[in-house]
>>> print(open('query-v4.cif').read())   # mmCIF, C-alpha atoms and all ligand atoms
data_work
#
loop_
_atom_site.label_atom_id
_atom_site.label_comp_id
_atom_site.auth_asym_id
_atom_site.auth_seq_id
_atom_site.Cartn_x
_atom_site.Cartn_y
_atom_site.Cartn_z
CA MET O 1 -4.90 -24.67 2.34
CA SER O 2 -8.11 -23.91 4.09
CA LYS O 3 -9.57 -20.45 3.99
CA MET O 4 -9.90 -18.24 7.00
CA HIS O 5 -12.67 -15.90 7.96
CA VAL O 6 -11.48 -12.31 7.58
CA LYS O 7 -13.15 -9.31 9.14
CA LEU O 8 -11.93 -5.77 8.47
CA THR O 9 -13.09 -2.22 8.58
CA VAL O 10 -12.44 -0.60 5.21
CA ASN O 11 -13.21 3.09 4.74
CA GLY O 12 -15.48 3.01 7.77
CA LYS O 13 -17.49 -0.04 6.71
CA GLU O 14 -17.23 -3.48 8.23
CA VAL O 15 -16.49 -6.09 5.61
CA GLU O 16 -16.07 -9.84 5.84
CA GLY O 17 -14.81 -12.52 3.55
CA LEU O 18 -13.08 -15.85 3.22
CA ALA O 19 -9.47 -15.89 2.12
CA GLU O 20 -6.42 -18.08 2.23
CA PRO O 21 -3.99 -16.65 4.77
CA ARG O 22 -1.39 -16.23 2.01
CA THR O 23 -3.64 -13.83 0.10
CA LEU O 24 -1.95 -10.47 -0.16
CA LEU O 25 -4.00 -7.56 1.13
CA ILE O 26 -3.81 -5.77 -2.24
CA HIS O 27 -5.40 -8.77 -3.96
CA PHE O 28 -8.09 -9.07 -1.30
CA LEU O 29 -8.95 -5.38 -1.62
CA ARG O 30 -9.00 -5.33 -5.41
CA GLU O 31 -10.37 -8.75 -6.30
CA ASP O 32 -12.61 -9.69 -3.39
CA LEU O 33 -13.80 -6.31 -2.18
CA LYS O 34 -13.57 -4.60 -5.61
CA ILE O 35 -11.78 -1.65 -4.01
CA THR O 36 -9.52 -0.79 -6.91
CA GLY O 37 -8.07 2.53 -5.72
CA PRO O 38 -4.86 0.94 -4.43
CA HIS O 39 -2.85 -0.12 -7.47
CA ILE O 40 -0.33 -2.85 -8.12
CA GLY O 41 2.76 -1.19 -9.59
CA CYS O 42 5.72 -3.40 -8.82
CA GLU O 43 4.31 -5.99 -6.43
CA THR O 44 7.79 -6.08 -4.87
CA SER O 45 7.60 -3.43 -2.09
CA HIS O 46 9.31 -0.74 -4.16
CA CYS O 47 6.82 1.66 -5.73
CA GLY O 48 4.20 2.48 -3.08
CA ALA O 49 1.26 2.46 -5.54
CA CYS O 50 -0.45 -0.09 -3.28
CA THR O 51 -0.14 2.05 -0.14
CA VAL O 52 -3.10 1.95 2.24
CA ASP O 53 -3.53 3.22 5.78
CA ILE O 54 -3.73 0.44 8.37
CA ASP O 55 -4.48 1.46 11.97
CA GLY O 56 -2.74 4.80 11.42
CA LYS O 57 0.26 3.48 9.51
CA SER O 58 1.10 3.83 5.81
CA VAL O 59 1.61 0.28 4.57
CA LYS O 60 2.38 -1.36 1.24
CA SER O 61 -0.54 -3.72 0.81
CA CYS O 62 1.43 -5.89 -1.64
CA THR O 63 3.71 -6.81 1.26
CA THR O 64 1.01 -7.64 3.79
CA PHE O 65 -0.96 -10.85 4.17
CA VAL O 66 -4.65 -10.44 4.70
CA ALA O 67 -4.24 -12.71 7.74
CA GLN O 68 -1.99 -10.13 9.39
CA VAL O 69 -4.60 -7.38 9.14
CA ASN O 70 -7.57 -9.42 10.28
CA GLY O 71 -9.46 -7.06 12.59
CA ALA O 72 -7.69 -3.91 11.38
CA ASP O 73 -9.06 -0.54 10.33
CA ILE O 74 -8.04 0.28 6.77
CA THR O 75 -8.37 3.44 4.71
CA THR O 76 -7.79 3.55 0.96
CA VAL O 77 -7.89 6.54 -1.37
CA GLU O 78 -11.64 5.97 -1.78
CA GLY O 79 -12.02 6.78 1.93
CA LEU O 80 -10.38 10.18 1.61
CA THR O 81 -13.24 11.95 -0.13
CA ASN O 82 -15.47 14.38 1.72
CA ASP O 83 -18.64 13.01 3.33
CA ASP O 84 -20.75 14.18 0.38
CA GLY O 85 -18.53 12.26 -2.03
CA SER O 86 -16.73 15.31 -3.43
CA LEU O 87 -12.94 15.33 -3.63
CA GLY O 88 -11.14 15.62 -0.29
CA VAL O 89 -8.52 18.32 0.24
CA LEU O 90 -5.54 16.24 -0.88
CA GLN O 91 -7.41 14.91 -3.89
CA GLU O 92 -8.52 18.40 -4.87
CA MET O 93 -5.03 19.85 -4.45
CA PHE O 94 -3.46 17.08 -6.56
CA ARG O 95 -5.95 18.04 -9.30
CA GLU O 96 -5.42 21.76 -8.86
CA HIS O 97 -1.61 21.62 -8.82
CA HIS O 98 -1.31 19.00 -11.53
CA GLY O 99 0.17 16.49 -9.07
CA LEU O 100 -0.59 13.68 -11.48
CA GLN O 101 -0.32 12.83 -15.14
CA CYS O 102 -1.19 9.20 -15.81
CA GLY O 103 -2.54 8.88 -12.28
CA PHE O 104 -1.18 5.42 -11.64
CA CYS O 105 0.85 6.37 -8.56
CA THR O 106 -1.76 8.83 -7.27
CA PRO O 107 -3.84 6.65 -4.93
CA GLY O 108 -0.68 5.58 -3.11
CA MET O 109 0.68 9.15 -3.09
CA ILE O 110 -2.50 10.59 -1.63
CA THR O 111 -2.95 7.86 0.96
CA ARG O 112 0.65 8.25 2.10
CA ALA O 113 0.43 12.07 2.09
CA HIS O 114 -2.70 11.81 4.25
CA ARG O 115 -0.78 10.04 7.01
CA LEU O 116 2.22 12.34 6.62
CA LEU O 117 0.02 15.40 7.22
CA GLN O 118 -1.66 13.75 10.19
CA GLU O 119 1.75 13.31 11.79
CA ASN O 120 3.29 16.55 10.61
CA PRO O 121 0.69 19.22 9.75
CA ASN O 122 3.35 21.78 8.74
CA PRO O 123 5.99 19.90 6.75
CA THR O 124 8.84 21.67 5.00
CA GLU O 125 9.55 20.76 1.39
CA GLU O 126 12.41 18.58 2.58
CA GLU O 127 10.17 16.79 5.07
CA ILE O 128 7.61 16.16 2.35
CA ARG O 129 10.22 14.68 0.04
CA PHE O 130 11.63 12.52 2.85
CA GLY O 131 8.18 11.42 3.97
CA MET O 132 7.11 10.54 0.43
CA ALA O 133 10.28 8.62 -0.40
CA GLY O 134 8.48 5.29 -0.47
CA ASN O 135 6.31 6.33 -3.42
CA LEU O 136 7.58 6.41 -6.99
CA CYS O 137 6.11 8.46 -9.81
CA ARG O 138 7.25 7.98 -13.38
CA CYS O 139 5.45 11.02 -14.82
CA THR O 140 5.47 14.20 -12.82
CA GLY O 141 9.07 14.61 -11.67
CA TYR O 142 7.58 14.99 -8.16
CA GLN O 143 7.64 18.80 -8.13
CA ASN O 144 3.89 19.17 -8.47
CA ILE O 145 3.26 16.38 -6.02
CA VAL O 146 5.27 18.29 -3.42
CA LYS O 147 3.33 21.47 -4.28
CA ALA O 148 0.00 19.68 -3.96
CA ILE O 149 0.93 18.35 -0.53
CA SER O 150 2.16 21.76 0.70
CA ALA O 151 -1.03 23.38 -0.55
CA SER O 152 -3.09 20.69 1.20
CA ALA O 153 -1.27 21.33 4.45
CA GLU O 154 -2.06 25.03 4.22
CA MET O 155 -5.69 24.43 3.38
CA LEU O 156 -6.17 21.84 6.13
CA ASN O 157 -4.59 24.16 8.68
CA ALA O 158 -6.80 27.04 7.54
CA GLN O 159 -9.88 24.82 7.83
CA LYS O 160 -8.81 23.78 11.32
CA GLU O 161 -8.36 27.39 12.38
CA ALA O 162 -11.72 28.40 10.96
CA ALA O 163 -13.36 25.60 12.90
CA GLU O 164 -11.82 26.69 16.19
CA MET W 1 4.09 -13.25 -6.81
CA ILE W 2 1.93 -15.48 -4.67
CA PRO W 3 3.66 -17.37 -1.90
CA ALA W 4 3.08 -21.02 -1.08
CA GLY W 5 0.22 -21.69 1.33
CA PHE W 6 0.65 -21.81 5.07
CA GLU W 7 -1.36 -22.05 8.21
CA TYR W 8 -1.52 -18.78 10.13
CA HIS W 9 -1.12 -18.43 13.89
CA ARG W 10 -1.44 -15.32 16.04
CA PRO W 11 -0.48 -16.30 19.60
CA GLY W 12 -1.10 -13.83 22.43
CA ASP W 13 1.95 -14.60 24.56
CA ILE W 14 5.52 -15.78 24.24
CA ALA W 15 4.87 -19.19 25.76
CA SER W 16 2.18 -20.06 23.21
CA ALA W 17 4.38 -18.85 20.36
CA ILE W 18 7.19 -21.13 21.52
CA GLY W 19 4.69 -23.96 21.87
CA ILE W 20 3.71 -23.58 18.22
CA LEU W 21 7.35 -23.50 17.15
CA GLN W 22 8.02 -26.69 19.16
CA GLU W 23 5.00 -28.45 17.77
CA HIS W 24 5.84 -27.78 14.12
CA GLY W 25 9.65 -27.71 14.23
CA ASP W 26 11.24 -26.89 10.87
CA GLU W 27 7.85 -26.27 9.35
CA ALA W 28 7.20 -23.13 11.42
CA ARG W 29 8.65 -19.64 11.28
CA VAL W 30 7.90 -16.45 13.13
CA ILE W 31 6.93 -13.26 11.32
CA ALA W 32 7.36 -9.78 12.79
CA GLY W 33 6.79 -6.88 10.37
CA GLY W 34 7.26 -9.25 7.45
CA HIS W 35 9.04 -6.82 5.16
CA SER W 36 12.05 -9.11 4.77
CA LEU W 37 10.20 -12.41 5.01
CA ILE W 38 7.17 -11.74 2.78
CA PRO W 39 9.27 -10.70 -0.25
CA MET W 40 11.26 -13.94 0.18
CA MET W 41 8.03 -15.93 0.45
CA LYS W 42 6.69 -14.28 -2.71
CA LEU W 43 9.83 -15.31 -4.54
CA ARG W 44 9.34 -18.82 -3.07
CA MET W 45 12.79 -18.58 -1.55
CA ALA W 46 11.15 -19.08 1.84
CA GLU W 47 8.36 -21.58 2.39
CA MET W 48 6.84 -22.80 5.61
CA GLY W 49 3.78 -24.74 6.64
CA HIS W 50 3.11 -22.55 9.67
CA LEU W 51 3.54 -18.82 10.04
CA VAL W 52 3.60 -17.54 13.62
CA ASP W 53 2.68 -13.84 13.73
CA LEU W 54 4.10 -12.09 16.80
CA GLN W 55 2.00 -8.90 16.50
CA ALA W 56 -0.43 -9.70 19.33
CA ILE W 57 2.23 -10.40 21.97
CA ASP W 58 2.37 -7.37 24.27
CA GLU W 59 5.47 -8.67 26.07
CA LEU W 60 7.42 -8.01 22.86
CA LYS W 61 6.44 -4.34 22.65
CA GLY W 62 7.53 -1.11 24.24
CA VAL W 63 10.57 1.10 24.69
CA GLU W 64 11.94 1.55 28.24
CA VAL W 65 14.51 4.25 28.74
CA GLY W 66 16.33 3.85 32.06
CA ALA W 67 19.25 5.80 33.45
CA ASP W 68 21.80 3.12 32.52
CA THR W 69 19.96 0.84 30.13
CA VAL W 70 17.52 1.11 27.26
CA LYS W 71 15.30 -1.88 26.60
CA LEU W 72 13.58 -2.34 23.28
CA GLY W 73 10.87 -4.93 22.75
CA SER W 74 11.67 -6.92 19.63
CA MET W 75 8.37 -5.86 17.98
CA VAL W 76 9.17 -2.14 18.28
CA THR W 77 9.06 -0.74 14.74
CA GLN W 78 11.62 1.49 13.09
CA HIS W 79 8.93 4.17 13.04
CA GLU W 80 8.55 3.92 16.82
CA LEU W 81 12.33 4.14 17.26
CA ILE W 82 12.33 7.33 15.20
CA THR W 83 9.42 9.01 16.94
CA HIS W 84 10.43 8.20 20.55
CA ASP W 85 11.96 11.41 21.92
CA GLY W 86 13.24 9.87 25.16
CA LEU W 87 15.13 7.28 23.16
CA ALA W 88 16.59 9.92 20.86
CA THR W 89 17.90 11.80 23.89
CA ALA W 90 19.40 8.70 25.53
CA ILE W 91 20.97 7.16 22.40
CA PRO W 92 20.70 9.51 19.39
CA LEU W 93 22.50 6.97 17.19
CA ILE W 94 19.40 4.75 17.04
CA ARG W 95 17.10 7.37 15.50
CA GLU W 96 19.84 8.50 13.16
CA ALA W 97 20.33 4.96 11.84
CA ALA W 98 16.62 4.06 11.74
CA LEU W 99 15.93 7.08 9.53
CA GLN W 100 18.27 5.59 6.95
CA ILE W 101 16.54 2.21 6.79
CA ALA W 102 14.29 1.44 3.82
CA ASP W 103 11.46 3.93 3.24
CA PRO W 104 8.61 5.38 5.35
CA GLN W 105 6.10 2.61 4.63
CA VAL W 106 8.60 -0.12 5.41
CA ARG W 107 9.62 1.63 8.65
CA TYR W 108 6.04 1.51 9.96
CA MET W 109 6.13 -2.29 9.69
CA GLY W 110 9.79 -3.25 10.01
CA THR W 111 10.78 -4.13 13.56
CA VAL W 112 14.05 -3.87 15.41
CA GLY W 113 13.82 -7.53 16.40
CA GLY W 114 13.25 -8.68 12.84
CA ASN W 115 16.11 -6.54 11.64
CA VAL W 116 18.59 -7.97 14.14
CA ALA W 117 17.36 -11.58 14.16
CA ASN W 118 17.09 -12.10 10.42
CA GLY W 119 20.86 -12.32 10.00
CA ASP W 120 20.83 -10.59 6.62
CA PRO W 121 24.22 -8.87 6.21
CA GLY W 122 22.41 -5.94 4.57
CA ASN W 123 20.37 -5.06 7.67
CA ASP W 124 21.57 -1.95 9.51
CA MET W 125 20.59 -2.78 13.10
CA PRO W 126 23.05 -5.67 13.66
CA GLY W 127 26.13 -3.49 13.12
CA LEU W 128 24.53 -0.71 15.12
CA MET W 129 23.81 -3.07 18.03
CA GLN W 130 27.40 -4.35 17.94
CA CYS W 131 28.67 -0.78 18.06
CA LEU W 132 26.39 -0.09 21.05
CA ASN W 133 27.34 -3.39 22.72
CA ALA W 134 23.71 -4.48 23.00
CA THR W 135 22.51 -7.77 24.43
CA PHE W 136 19.76 -9.85 22.85
CA GLU W 137 17.35 -11.70 25.12
CA LEU W 138 16.03 -15.00 23.80
CA SER W 139 13.19 -17.17 25.07
CA GLY W 140 12.88 -20.82 24.14
CA PRO W 141 11.61 -24.17 25.39
CA ASP W 142 14.48 -24.32 27.90
CA GLY W 143 13.90 -20.84 29.30
CA ASN W 144 15.57 -17.50 28.76
CA ARG W 145 19.13 -16.59 27.90
CA SER W 146 21.08 -13.56 26.72
CA VAL W 147 23.58 -13.32 23.89
CA ALA W 148 25.80 -10.31 23.21
CA ALA W 149 25.18 -8.73 19.81
CA ARG W 150 28.91 -9.07 19.23
CA ASP W 151 28.63 -12.89 19.59
CA PHE W 152 25.29 -13.36 17.85
CA TYR W 153 26.17 -13.48 14.15
CA GLU W 154 27.75 -16.63 12.71
CA ALA W 155 27.31 -16.30 8.93
CA ALA W 156 24.76 -14.82 6.54
CA TYR W 157 21.33 -15.81 7.93
CA PHE W 158 22.96 -17.94 10.66
CA THR W 159 22.82 -16.62 14.20
CA ALA W 160 23.08 -17.92 17.75
CA ARG W 161 19.27 -18.05 17.96
CA GLY W 162 17.91 -21.60 18.04
CA ASP W 163 15.01 -22.56 15.75
CA GLU W 164 12.59 -22.73 18.64
CA GLU W 165 13.76 -19.51 20.26
CA ILE W 166 12.25 -16.05 19.93
CA LEU W 167 14.25 -12.86 20.30
CA THR W 168 12.20 -10.97 22.85
CA ARG W 169 14.11 -7.89 23.94
CA ILE W 170 17.25 -5.89 23.26
CA SER W 171 19.14 -4.25 26.14
CA ILE W 172 21.50 -1.43 25.35
CA PRO W 173 23.80 0.30 27.81
CA VAL W 174 23.28 4.07 27.66
CA PRO W 175 26.59 5.56 26.53
CA GLY W 176 28.15 8.12 28.90
CA SER W 177 27.30 11.76 28.28
CA GLY W 178 30.66 12.55 26.62
CA VAL W 179 30.28 9.74 24.09
CA ARG W 180 29.44 11.17 20.67
CA GLN W 181 27.84 9.09 17.95
CA ALA W 182 27.21 9.01 14.22
CA TYR W 183 25.83 6.68 11.56
CA GLU W 184 26.84 7.04 7.92
CA LYS W 185 25.39 4.96 5.12
CA GLN W 186 26.07 4.93 1.40
CA LYS W 187 23.24 3.45 -0.66
CA ARG W 188 22.33 3.55 -4.34
CA LYS W 189 18.76 4.70 -3.81
CA ILE W 190 16.07 5.01 -1.14
CA GLY W 191 15.18 1.60 0.17
CA ASP W 192 18.48 0.02 -0.80
CA TYR W 193 20.78 -1.81 1.55
CA ALA W 194 24.11 -0.17 2.26
CA THR W 195 27.04 -0.36 -0.10
CA ALA W 196 28.81 0.39 3.17
CA ALA W 197 27.62 1.80 6.49
CA ALA W 198 29.51 2.79 9.61
CA ALA W 199 28.34 3.14 13.22
CA VAL W 200 30.69 5.10 15.45
CA MET W 201 30.77 6.01 19.15
CA VAL W 202 33.72 7.95 20.50
CA GLY W 203 34.51 9.95 23.64
CA ASN W 204 35.68 9.71 27.28
CA GLY W 205 38.74 7.78 26.09
CA THR W 206 36.61 5.01 24.61
CA ALA W 207 35.45 4.17 21.10
CA SER W 208 33.44 1.55 19.26
CA VAL W 209 33.12 1.14 15.50
CA ALA W 210 31.10 -1.35 13.48
CA MET W 211 30.34 -1.67 9.79
CA THR W 212 27.49 -3.12 7.74
CA ASN W 213 27.23 -5.14 4.52
CA LEU W 214 30.97 -5.58 4.09
CA ALA W 215 31.17 -9.25 5.11
CA ASP W 216 28.63 -12.01 5.69
CA THR W 217 28.16 -10.73 9.24
CA PRO W 218 28.40 -7.22 10.68
CA VAL W 219 31.98 -6.28 11.51
CA TRP W 220 32.84 -4.86 14.92
CA SER W 221 36.58 -4.54 15.27
CA VAL W 222 38.32 -4.42 18.61
CA SER W 223 41.56 -3.10 17.11
CA ALA W 224 39.84 -0.44 15.01
CA SER W 225 37.89 0.63 18.10
CA SER W 226 40.96 0.88 20.30
CA ALA W 227 42.89 2.81 17.63
CA LEU W 228 40.09 5.38 17.59
CA ALA W 229 39.91 5.44 21.39
CA GLY W 230 43.58 6.45 21.30
CA GLY W 231 42.82 9.23 18.82
CA ASP W 232 44.32 7.46 15.79
CA VAL W 233 41.73 7.91 13.02
CA GLU W 234 43.90 6.57 10.19
CA GLY W 235 44.84 3.56 12.31
CA CYS W 236 41.16 2.92 12.96
CA VAL W 237 40.35 3.05 9.24
CA SER W 238 43.20 0.74 8.28
CA GLU W 239 42.34 -1.79 11.01
CA MET W 240 38.75 -1.78 9.82
CA LEU W 241 39.78 -2.26 6.18
CA ASP W 242 41.70 -5.35 7.33
CA ALA W 243 38.68 -6.66 9.22
CA ILE W 244 36.05 -6.38 6.48
CA ASP W 245 35.71 -8.92 3.71
CA PRO W 246 33.40 -7.54 1.00
CA VAL W 247 32.49 -9.49 -2.13
CA ALA W 248 31.81 -8.11 -5.59
CA ASP W 249 28.12 -7.84 -6.45
CA ASN W 250 25.75 -5.38 -8.12
CA ARG W 251 26.79 -2.72 -5.59
CA GLY W 252 30.30 -2.80 -7.04
CA PRO W 253 33.65 -4.57 -7.08
CA VAL W 254 35.68 -5.25 -3.94
CA GLU W 255 38.05 -2.30 -4.40
CA PHE W 256 35.13 0.10 -4.69
CA LYS W 257 33.46 -1.28 -1.57
CA LYS W 258 36.67 -0.89 0.42
CA HIS W 259 36.95 2.66 -0.84
CA VAL W 260 33.37 3.45 0.17
CA ALA W 261 33.89 1.72 3.53
CA ALA W 262 36.83 4.00 4.31
CA VAL W 263 34.91 7.10 3.23
CA MET W 264 31.87 6.17 5.36
CA LEU W 265 33.99 5.40 8.39
CA ARG W 266 35.95 8.66 8.15
CA ARG W 267 32.76 10.66 7.69
CA ALA W 268 31.10 9.00 10.66
CA ILE W 269 34.15 9.64 12.85
CA ASP W 270 34.36 13.28 11.73
CA ARG W 271 30.71 13.87 12.31
CA ALA W 272 30.70 12.17 15.72
CA GLN W 273 33.75 14.17 16.83
CA SER W 274 32.31 17.45 15.63
CA ARG W 275 29.15 16.97 17.67
CA ALA W 276 28.64 18.66 20.99
CA GLY W 277 28.21 16.21 23.78
S1 LIG S 1 2.83 -2.59 -5.69
FE1 LIG S 1 3.27 -2.56 -3.59
S2 LIG S 1 5.05 -1.34 -3.49
FE2 LIG S 1 4.72 -1.51 -5.63
S1 LIG S 2 1.34 10.29 -12.43
FE1 LIG S 2 2.03 8.67 -13.69
S2 LIG S 2 3.22 7.50 -12.29
FE2 LIG S 2 2.79 9.27 -11.15
#
>>> encode(input="query-v4.cif", output="structure tokens", more="lines below")
Ligand code: FES
Ligand code: FES
Amino acid sequence: MSKMHVKLTVNGKEVEGLAEPRTLLIHFLREDLKITGPHIGCETSHCGACTVDIDGKSVKSCTTFVAQVNGADITTVEGLTNDDGSLGVLQEMFREHHGLQCGFCTPGMITRAHRLLQENPNPTEEEIRFGMAGNLCRCTGYQNIVKAISASAEMLNAQKEAAE
Amino acid sequence: MIPAGFEYHRPGDIASAIGILQEHGDEARVIAGGHSLIPMMKLRMAEMGHLVDLQAIDELKGVEVGADTVKLGSMVTQHELITHDGLATAIPLIREAALQIADPQVRYMGTVGGNVANGDPGNDMPGLMQCLNATFELSGPDGNRSVAARDFYEAAYFTARGDEEILTRISIPVPGSGVRQAYEKQKRKIGDYATAAAAVMVGNGTASVAMTNLADTPVWSVSASSALAGGDVEGCVSEMLDAIDPVADNRGPVEFKKHVAAVMLRRAIDRAQSRAG
């Protein structure tokens, strides 16, 4: 099969490459672009470790062809740091509240939580659990992940208020 | 987990999409959100030479809420169904059911058209659309036609849609204001298909009940619906248990599925009837 010319914006930078249309986005990100934040957990749409943000949607990049996202704007966990490269709020709160142990699920968790807080800046615990239901963690028991996301919501809201 | 190769197409209107389907016949398939099709392609249970992506076709998008009819473009995602407040006011059953489909990531991509057109008995929207008495609009080489959701499903993965037709829009009559609704689904875990699910509308002397994943098509039962319209809940449940035809699989043996079907249906009826409206 012939390759197609792919053009994307990833974490604010325009990138281009050649890929077969059947290439899964997760493979294109990790192997061609060397963006290895998004992980491959199950490769079968179950675990959410491969979650990236595509045009404002949380998407499992193992279940997306690169052809489908040609022209899209993509954010991975690497794009969620502060401008100076220090940890962003969600990343910092996951560290602070021990929202990870092995860290394998974390890039997907943080990327998904980012979109959740964009859509719902004041989620209840139940809303966090419902909104994070597409991400599996085999270490933490989820409790500290929920805490980290609540704490991030508070901090982001406080920052917003301070800025106003 | 790498699917077989294909040529990718992204047409900008319905006519060009149909043209591609006509040109390549059996070799071509449309893709909407892809969250049913791509897993099948990765398992090499689906292979095609040409993949026709419908994402750039604006005619397939949008939710229109009218006084009597709701129209959903086939490319409307589950996420859009959930977040559309006008839709939730007109037909609350749709948001309630969409929230129980898959998981958040899948709902951003999964479309209502893909869910109804795929013909997978596990999908929730077909039973829901039968309960609501929706009509599916199809476009093909010979023009447009409409098929009632209640006549659309022939067998697992076999529907009234022709190979060169595209499901473009779903029209749903807005139920009267006294018609109360509920969707109940039993599943083993988040993201699972239903062991059994029930869609119920009841009120103003009318009723409609449909169930999911209990036969190789969704099951809408005229006799179960009329029993409930007459206020006979137990009659409704027993008519429905006669109409379904579950098979044993990893969700359980037949007896268990019938048991769960009855529980889901009773719960949905109770919940619908207890709602204000
Ligand atoms: S790797 Fe994509 S969902 Fe698990
Ligand atoms: S921290 Fe190990 S899987 Fe979540």
>>> residues_around(input="query-v4.cif", residues="segment 115-123 of chain O", least_positions_apart="5", cutoff="12 Å", atoms="all atoms listed in the file", output="CSV table (one decimal) with C-alpha atoms, keeping the file's coordinate frame")
chain,number,residue,atom,x,y,z
O,51,THR,CA,-0.1,2.0,-0.1
O,52,VAL,CA,-3.1,2.0,2.2
O,53,ASP,CA,-3.5,3.2,5.8
O,54,ILE,CA,-3.7,0.4,8.4
O,55,ASP,CA,-4.5,1.5,12.0
O,56,GLY,CA,-2.7,4.8,11.4
O,57,LYS,CA,0.3,3.5,9.5
O,58,SER,CA,1.1,3.8,5.8
O,59,VAL,CA,1.6,0.3,4.6
O,75,THR,CA,-8.4,3.4,4.7
O,76,THR,CA,-7.8,3.6,1.0
O,77,VAL,CA,-7.9,6.5,-1.4
O,80,LEU,CA,-10.4,10.2,1.6
O,89,VAL,CA,-8.5,18.3,0.2
O,90,LEU,CA,-5.5,16.2,-0.9
O,108,GLY,CA,-0.7,5.6,-3.1
O,109,MET,CA,0.7,9.2,-3.1
O,110,ILE,CA,-2.5,10.6,-1.6
O,128,ILE,CA,7.6,16.2,2.4
O,129,ARG,CA,10.2,14.7,0.0
O,130,PHE,CA,11.6,12.5,2.8
O,131,GLY,CA,8.2,11.4,4.0
O,132,MET,CA,7.1,10.5,0.4
O,133,ALA,CA,10.3,8.6,-0.4
O,134,GLY,CA,8.5,5.3,-0.5
O,146,VAL,CA,5.3,18.3,-3.4
O,147,LYS,CA,3.3,21.5,-4.3
O,148,ALA,CA,0.0,19.7,-4.0
O,149,ILE,CA,0.9,18.4,-0.5
O,150,SER,CA,2.2,21.8,0.7
O,151,ALA,CA,-1.0,23.4,-0.6
O,152,SER,CA,-3.1,20.7,1.2
O,153,ALA,CA,-1.3,21.3,4.4
O,154,GLU,CA,-2.1,25.0,4.2
O,155,MET,CA,-5.7,24.4,3.4
O,156,LEU,CA,-6.2,21.8,6.1
O,157,ASN,CA,-4.6,24.2,8.7
O,158,ALA,CA,-6.8,27.0,7.5
O,160,LYS,CA,-8.8,23.8,11.3
W,79,HIS,CA,8.9,4.2,13.0
W,83,THR,CA,9.4,9.0,16.9
W,104,PRO,CA,8.6,5.4,5.4
W,105,GLN,CA,6.1,2.6,4.6
W,108,TYR,CA,6.0,1.5,10.0
>>> closest_atom_pairs(input="query-v4.cif", of="chain O", to="chain W", cutoff="9 Å", atoms="only C-alpha atoms", output="Markdown table")
| residue | atom | partner | partner_atom | distance |
| --- | --- | --- | --- | --- |
| O:Met1 | CA | W:Gly5 | CA | 6.0 |
| O:Ser2 | CA | W:Glu7 | CA | 8.1 |
| O:Met4 | CA | W:Tyr8 | CA | 9.0 |
| O:Glu20 | CA | W:Gly5 | CA | 7.6 |
| O:Pro21 | CA | W:Tyr8 | CA | 6.3 |
| O:Arg22 | CA | W:Gly5 | CA | 5.7 |
| O:Thr23 | CA | W:Ile2 | CA | 7.5 |
| O:Leu24 | CA | W:Ile2 | CA | 7.8 |
| O:Glu43 | CA | W:Met1 | CA | 7.3 |
| O:Thr44 | CA | W:Pro39 | CA | 6.7 |
| O:Ser45 | CA | W:Pro39 | CA | 7.7 |
| O:His46 | CA | W:Gly191 | CA | 7.7 |
| O:Gly48 | CA | W:Gln105 | CA | 7.9 |
| O:Thr51 | CA | W:Gln105 | CA | 7.9 |
| O:Lys57 | CA | W:Tyr108 | CA | 6.1 |
| O:Ser58 | CA | W:Gln105 | CA | 5.3 |
| O:Val59 | CA | W:Gln105 | CA | 5.1 |
| O:Lys60 | CA | W:Gln105 | CA | 6.4 |
| O:Thr63 | CA | W:Ile38 | CA | 6.2 |
| O:Thr64 | CA | W:Gly34 | CA | 7.4 |
| O:Phe65 | CA | W:Ile38 | CA | 8.3 |
| O:Ala67 | CA | W:Tyr8 | CA | 7.1 |
| O:Gln68 | CA | W:Asp53 | CA | 7.4 |
| O:Arg112 | CA | W:Gln105 | CA | 8.2 |
| O:Phe130 | CA | W:Pro104 | CA | 8.1 |
| O:Gly131 | CA | W:Pro104 | CA | 6.2 |
| O:Met132 | CA | W:Pro104 | CA | 7.3 |
| O:Ala133 | CA | W:Asp103 | CA | 6.1 |
| O:Gly134 | CA | W:Asp103 | CA | 4.9 |
| O:Asn135 | CA | W:Asp103 | CA | 8.8 |
>>> residues_near_ligand(input="query-v4.cif", ligand="ligand LIG 2 (chain S)", cutoff="8 Å", atoms="all atoms listed in the file", output="PyMOL selection string")
chain O and resi 99-106+136-140
>>> closest_residue(input="query-v4.cif", among="W:Pro175, W:Gly205, W:Gly143, W:Pro11", to="Ser226 of chain W", atoms="all atoms listed in the file")
W:Gly205
>>> atom_distance(input="query-v4.cif", atom1="atom CA of Gln22 of chain W", atom2="atom CA of Glu164 of chain W")
6.1 Å
>>> closest_residue(input="query-v4.cif", among="O:Cys47, O:Val66, O:Glu127, O:Pro107", to="ligand LIG 1 (chain S)", atoms="all atoms listed in the file")
O:Cys47
